[in-house]
Amino acid sequence: MSWIDLRSDTLTLPTEKMRSAMASAELGDDVYGEDPTINRLQELAAARMGKEAALFVPSGTMGNLAAVLAHCGRGDEVIMGNFAHTYIYEAGGISALGGVHPFTIPNQPDGTLLKCDIKQAIREDNPHFPISKLLILENTHNRCGGVSLSRAYMLEAAQIAREGGLAIHLDGARIFNAAIDQDVPVVDLVDMVDSVTFCLSKGLCAPVGSVLCGSQEFIAKAHRVRKQLGGGMRQAGVLAAAGIIALEEMVDRLSEDHQRAEALAAGLREVPGLLLDKGSPNTNMVYVKIEENQGLTAQECAARLKEEGVLVGITGSRHFRMVCHYWIRDDHVPVVIKAFKKALFV
Ligand SMILES: *Cc1c(COP(=O)(O)O)cnc(C)c1O
């Protein structure tokens, strides 16, 4: 069975062009700095983000962890949202491995942190307190429904952090979705931060990898941290080859995923018994829930959808997430809507 797999854009398989680029990639030992394909990817990524340097890492999680450990020492504190990916979904790595203390403030439904909350979270110099070192922002904001944050907001948040003497890291796993959504060059969403991680392996379809970007000095530190974490890879140009195509050829088409998310949401909105989350869809994500009066759990509904070849992410007792990506086509949209109608007996 060929699935319509909407669980995540991480499920994207590499394109044919990526597979052939991987097969013929020029390789070397990257721990010696001698993999030409990785070096090229890092140069492209740095240029794209308007930063001095870049570091290829195996995952977004390692990119964020290496960033935090390069910015902070043990006992330092990082301010971030209570729905931040780094806080919820990265296995507590910053504390477990770095001794870095998280200070969470509430994420607003639009993915932002209130400026007054950021300001209040920055600690004064007092031996009782951990030392405030870093603010983490996330764009697009995953747990807040894939919403994108504007340049205006990013500038304001960054300015508050700077005034408090903090550095700013952006978890930009899907920063290109944000740039496409706002119709701005990606540099406009990252020029105010010190460091940014973005994923090649989500909507951009590469099989593995993320890139961490920042100043020369910062990336030199992060490079050592990557080695400590066991992320020094050898002939990983086979992966970077797909990453280059991701960066050069897969960014502009993200708008198609956003349009399909709109179409999917428009169809699901008309299905009795289903409710779209407030604000949904955002970028490539659609969040819906089954109405209370339907005697059906998300698990049961997902099992019925699966019988129709449709896979969805379960995010709560009645809640689903669907993420559009390269392998979701226009003609899949009506199939998904029909599958929901059948699952809900309407
Ligand atoms: C996917 C994601 C990451 C990194 O995840 P990996 O699976 O480690 O690549 C980080 N932040 C956000 C917001 C993400 O969506």
# chains A, B, ... in the order shown; residues from 1 in each chain; ligands from 1

call {"tool": "residues_near_ligand", "arguments": {"ligand": "ligand 1", "cutoff": "7 Å", "atoms": "only C-alpha atoms and all ligand atoms", "output": "list in words"}}
result
Ser59, Gly60, Thr61, Met62, His85, Thr86, Glu138, Thr140, His141, Asn142, Asp171, Gly172, Ala173, Arg174, Cys199, Gly209 and Ser210 of chain A

call {"tool": "select_by_dssp", "arguments": {"residues": "segment 121-344 of chain A", "states": "alpha helix (DSSP H)", "output": "PyMOL selection string"}}
result
chain A and resi 121+151-163+175-182+216-228+237-249+254-269+298-307+332-343

call {"tool": "closest_residue", "arguments": {"among": "A:Ala158, A:Asp76, A:Gln42, A:Arg143", "to": "Pro130 of chain A", "atoms": "only C-alpha atoms"}}
result
A:Asp76

call {"tool": "residues_around", "arguments": {"residues": "Val336 of chain A", "least_positions_apart": "3", "cutoff": "9 Å", "atoms": "only C-alpha atoms", "output": "PyMOL selection string"}}
result
chain A and resi 4+264+268+305+308-310+332-333+339-341

call {"tool": "write_last_selection", "arguments": {"atoms": "N, CA, C and O atoms", "output": "mmCIF file, in the first residue's frame"}}
result
data_model
loop_
_atom_site.group_PDB
_atom_site.id
_atom_site.type_symbol
_atom_site.label_atom_id
_atom_site.label_comp_id
_atom_site.auth_asym_id
_atom_site.auth_seq_id
_atom_site.Cartn_x
_atom_site.Cartn_y
_atom_site.Cartn_z
ATOM 1 N N ILE A 4 -0.640 7.724 2.323
ATOM 2 C CA ILE A 4 -0.641 9.194 2.337
ATOM 3 C C ILE A 4 -0.218 9.531 3.760
ATOM 4 O O ILE A 4 -1.020 9.487 4.690
ATOM 5 N N LEU A 264 -6.401 21.349 2.383
ATOM 6 C CA LEU A 264 -6.788 20.273 3.294
ATOM 7 C C LEU A 264 -7.652 20.831 4.428
ATOM 8 O O LEU A 264 -8.704 20.279 4.763
ATOM 9 N N LEU A 268 -11.496 19.905 5.438
ATOM 10 C CA LEU A 268 -11.783 19.310 6.754
ATOM 11 C C LEU A 268 -12.737 20.181 7.561
ATOM 12 O O LEU A 268 -13.507 19.699 8.383
ATOM 13 N N LEU A 305 -8.708 5.716 9.575
ATOM 14 C CA LEU A 305 -8.050 6.451 8.481
ATOM 15 C C LEU A 305 -6.969 5.574 7.844
ATOM 16 O O LEU A 305 -6.780 5.573 6.621
ATOM 17 N N GLU A 308 -7.911 3.411 5.166
ATOM 18 C CA GLU A 308 -8.083 4.112 3.885
ATOM 19 C C GLU A 308 -6.745 4.583 3.321
ATOM 20 O O GLU A 308 -6.696 5.332 2.349
ATOM 21 N N GLY A 309 -5.652 4.188 3.974
ATOM 22 C CA GLY A 309 -4.321 4.540 3.464
ATOM 23 C C GLY A 309 -3.806 5.883 3.935
ATOM 24 O O GLY A 309 -2.828 6.410 3.402
ATOM 25 N N VAL A 310 -4.475 6.458 4.961
ATOM 26 C CA VAL A 310 -4.099 7.796 5.432
ATOM 27 C C VAL A 310 -3.496 7.694 6.837
ATOM 28 O O VAL A 310 -4.107 7.138 7.744
ATOM 29 N N HIS A 332 -4.145 13.918 -3.346
ATOM 30 C CA HIS A 332 -4.282 13.248 -2.047
ATOM 31 C C HIS A 332 -5.310 13.959 -1.162
ATOM 32 O O HIS A 332 -5.927 13.336 -0.299
ATOM 33 N N VAL A 333 -5.453 15.271 -1.388
ATOM 34 C CA VAL A 333 -6.280 16.083 -0.475
ATOM 35 C C VAL A 333 -7.725 15.562 -0.403
ATOM 36 O O VAL A 333 -8.224 15.279 0.693
ATOM 37 N N ALA A 339 -11.668 10.125 3.569
ATOM 38 C CA ALA A 339 -11.329 9.140 4.608
ATOM 39 C C ALA A 339 -11.835 9.604 5.979
ATOM 40 O O ALA A 339 -12.344 8.805 6.768
ATOM 41 N N PHE A 340 -11.709 10.907 6.251
ATOM 42 C CA PHE A 340 -12.230 11.437 7.518
ATOM 43 C C PHE A 340 -13.756 11.293 7.582
ATOM 44 O O PHE A 340 -14.308 10.915 8.618
ATOM 45 N N LYS A 341 -14.424 11.585 6.470
ATOM 46 C CA LYS A 341 -15.897 11.488 6.446
ATOM 47 C C LYS A 341 -16.304 10.044 6.742
ATOM 48 O O LYS A 341 -17.223 9.797 7.524
#

call {"tool": "atom_distance", "arguments": {"atom1": "atom CA of Met22 of chain A", "atom2": "atom CA of Ser8 of chain A"}}
result
23.4 Å

call {"tool": "select_by_dssp", "arguments": {"residues": "segment 76-228 of chain A", "states": "strand (DSSP E or B)", "output": "VMD selection string"}}
result
chain A and resid 76 to 81 101 to 105 107 113 131 to 138 141 147 167 to 171 195 to 199 210 to 214

call {"tool": "write_last_selection", "arguments": {"atoms": "C-alpha atoms", "output": "short mmCIF file (atom, residue, chain, number, x, y, z; two decimals), in the first residue's frame"}}
result
data_model
loop_
_atom_site.label_atom_id
_atom_site.label_comp_id
_atom_site.auth_asym_id
_atom_site.auth_seq_id
_atom_site.Cartn_x
_atom_site.Cartn_y
_atom_site.Cartn_z
CA ASP A 76 24.16 29.22 33.22
CA GLU A 77 20.53 29.77 32.38
CA VAL A 78 18.61 29.69 29.09
CA ILE A 79 15.27 31.46 28.70
CA MET A 80 12.80 29.77 26.36
CA GLY A 81 9.12 29.05 25.85
CA HIS A 101 19.39 25.49 33.59
CA PRO A 102 16.21 26.16 31.60
CA PHE A 103 13.94 29.07 32.61
CA THR A 104 10.65 28.67 30.79
CA ILE A 105 8.12 31.42 30.17
CA ASN A 107 4.54 30.55 24.77
CA LEU A 113 7.09 35.03 24.15
CA ILE A 131 23.54 33.52 35.21
CA SER A 132 21.17 34.45 32.36
CA LYS A 133 23.07 33.75 29.16
CA LEU A 134 20.81 32.90 26.27
CA LEU A 135 17.34 33.39 24.81
CA ILE A 136 15.98 30.70 22.48
CA LEU A 137 13.29 31.56 19.95
CA GLU A 138 11.63 29.07 17.59
CA HIS A 141 6.88 27.28 16.14
CA VAL A 147 2.94 29.39 13.14
CA ALA A 167 22.92 35.94 23.28
CA ILE A 168 20.07 34.72 21.05
CA HIS A 169 19.74 31.30 19.45
CA LEU A 170 17.02 30.55 16.94
CA ASP A 171 15.67 27.03 16.61
CA SER A 195 23.07 31.48 15.98
CA VAL A 196 20.49 29.49 14.08
CA THR A 197 19.83 25.79 13.49
CA PHE A 198 17.81 24.67 10.48
CA CYS A 199 16.80 21.19 9.33
CA SER A 210 20.79 19.99 10.08
CA VAL A 211 23.08 22.99 9.93
CA LEU A 212 24.10 25.31 12.75
CA CYS A 213 25.20 28.79 11.64
CA GLY A 214 26.84 31.69 13.45
#

call {"tool": "atom_distance", "arguments": {"atom1": "atom CA of Arg48 of chain A", "atom2": "atom CA of Asn139 of chain A"}}
result
16.3 Å

call {"tool": "atom_distance", "arguments": {"atom1": "atom CA of Leu275 of chain A", "atom2": "atom CA of Trp3 of chain A"}}
result
23.9 Å

call {"tool": "residues_around", "arguments": {"residues": "Ala45 of chain A", "least_positions_apart": "5", "cutoff": "9 Å", "atoms": "only C-alpha atoms", "output": "PDB file with C-alpha atoms, in the first residue's frame"}}
result
ATOM      1  CA  ARG A  40      30.427  23.269   0.223  1.00  0.00           C
ATOM      2  CA  GLY A  50      24.051  35.687   6.282  1.00  0.00           C
ATOM      3  CA  LYS A  51      26.398  34.254   8.938  1.00  0.00           C
ATOM      4  CA  ALA A  53      30.286  30.092   9.302  1.00  0.00           C
ATOM      5  CA  ALA A  54      28.258  26.902   9.509  1.00  0.00           C
ATOM      6  CA  LEU A  55      28.516  23.383  10.903  1.00  0.00           C
ATOM      7  CA  VAL A 211      23.078  22.985   9.927  1.00  0.00           C
ATOM      8  CA  LEU A 212      24.101  25.307  12.751  1.00  0.00           C
ATOM      9  CA  CYS A 213      25.195  28.792  11.642  1.00  0.00           C
ATOM     10  CA  ILE A 244      22.973  20.872  -1.007  1.00  0.00           C
ATOM     11  CA  LEU A 247      19.055  24.070   0.110  1.00  0.00           C
TER      12      LEU A 247
END

call {"tool": "closest_residue", "arguments": {"among": "A:Gly203, A:Gly98, A:Gly279, A:Gly232", "to": "Arg253 of chain A", "atoms": "only C-alpha atoms"}}
result
A:Gly203

call {"tool": "closest_residue", "arguments": {"among": "A:Val187, A:Ile314, A:Leu41, A:Leu149", "to": "Val286 of chain A", "atoms": "only C-alpha atoms"}}
result
A:Ile314

call {"tool": "residues_around", "arguments": {"residues": "Val225 of chain A", "least_positions_apart": "3", "cutoff": "8 Å", "atoms": "only C-alpha atoms", "output": "number ranges by chain"}}
result
A: 66, 69-70, 221-222, 228-229

call {"tool": "closest_residue", "arguments": {"among": "A:Gly231, A:Gly33, A:Gly243, A:Pro185", "to": "Ala206 of chain A", "atoms": "only C-alpha atoms"}}
result
A:Gly243

call {"tool": "residues_around", "arguments": {"residues": "segment 9-18 of chain A", "least_positions_apart": "2", "cutoff": "8 Å", "atoms": "only C-alpha atoms", "output": "list of chain:residue names"}}
result
A:Asp5, A:Leu6, A:Arg7, A:Ser20, A:Ala21, A:Met22, A:Ser201, A:Lys202, A:Gly203, A:Cys205, A:Ala206, A:Pro207, A:Ala241, A:Ala242, A:Ile245, A:Val323, A:Cys324, A:His325, A:Tyr326, A:Trp327

call {"tool": "closest_residue", "arguments": {"among": "A:Leu44, A:Cys144, A:His71, A:Glu270", "to": "Thr315 of chain A", "atoms": "only C-alpha atoms"}}
result
A:Cys144
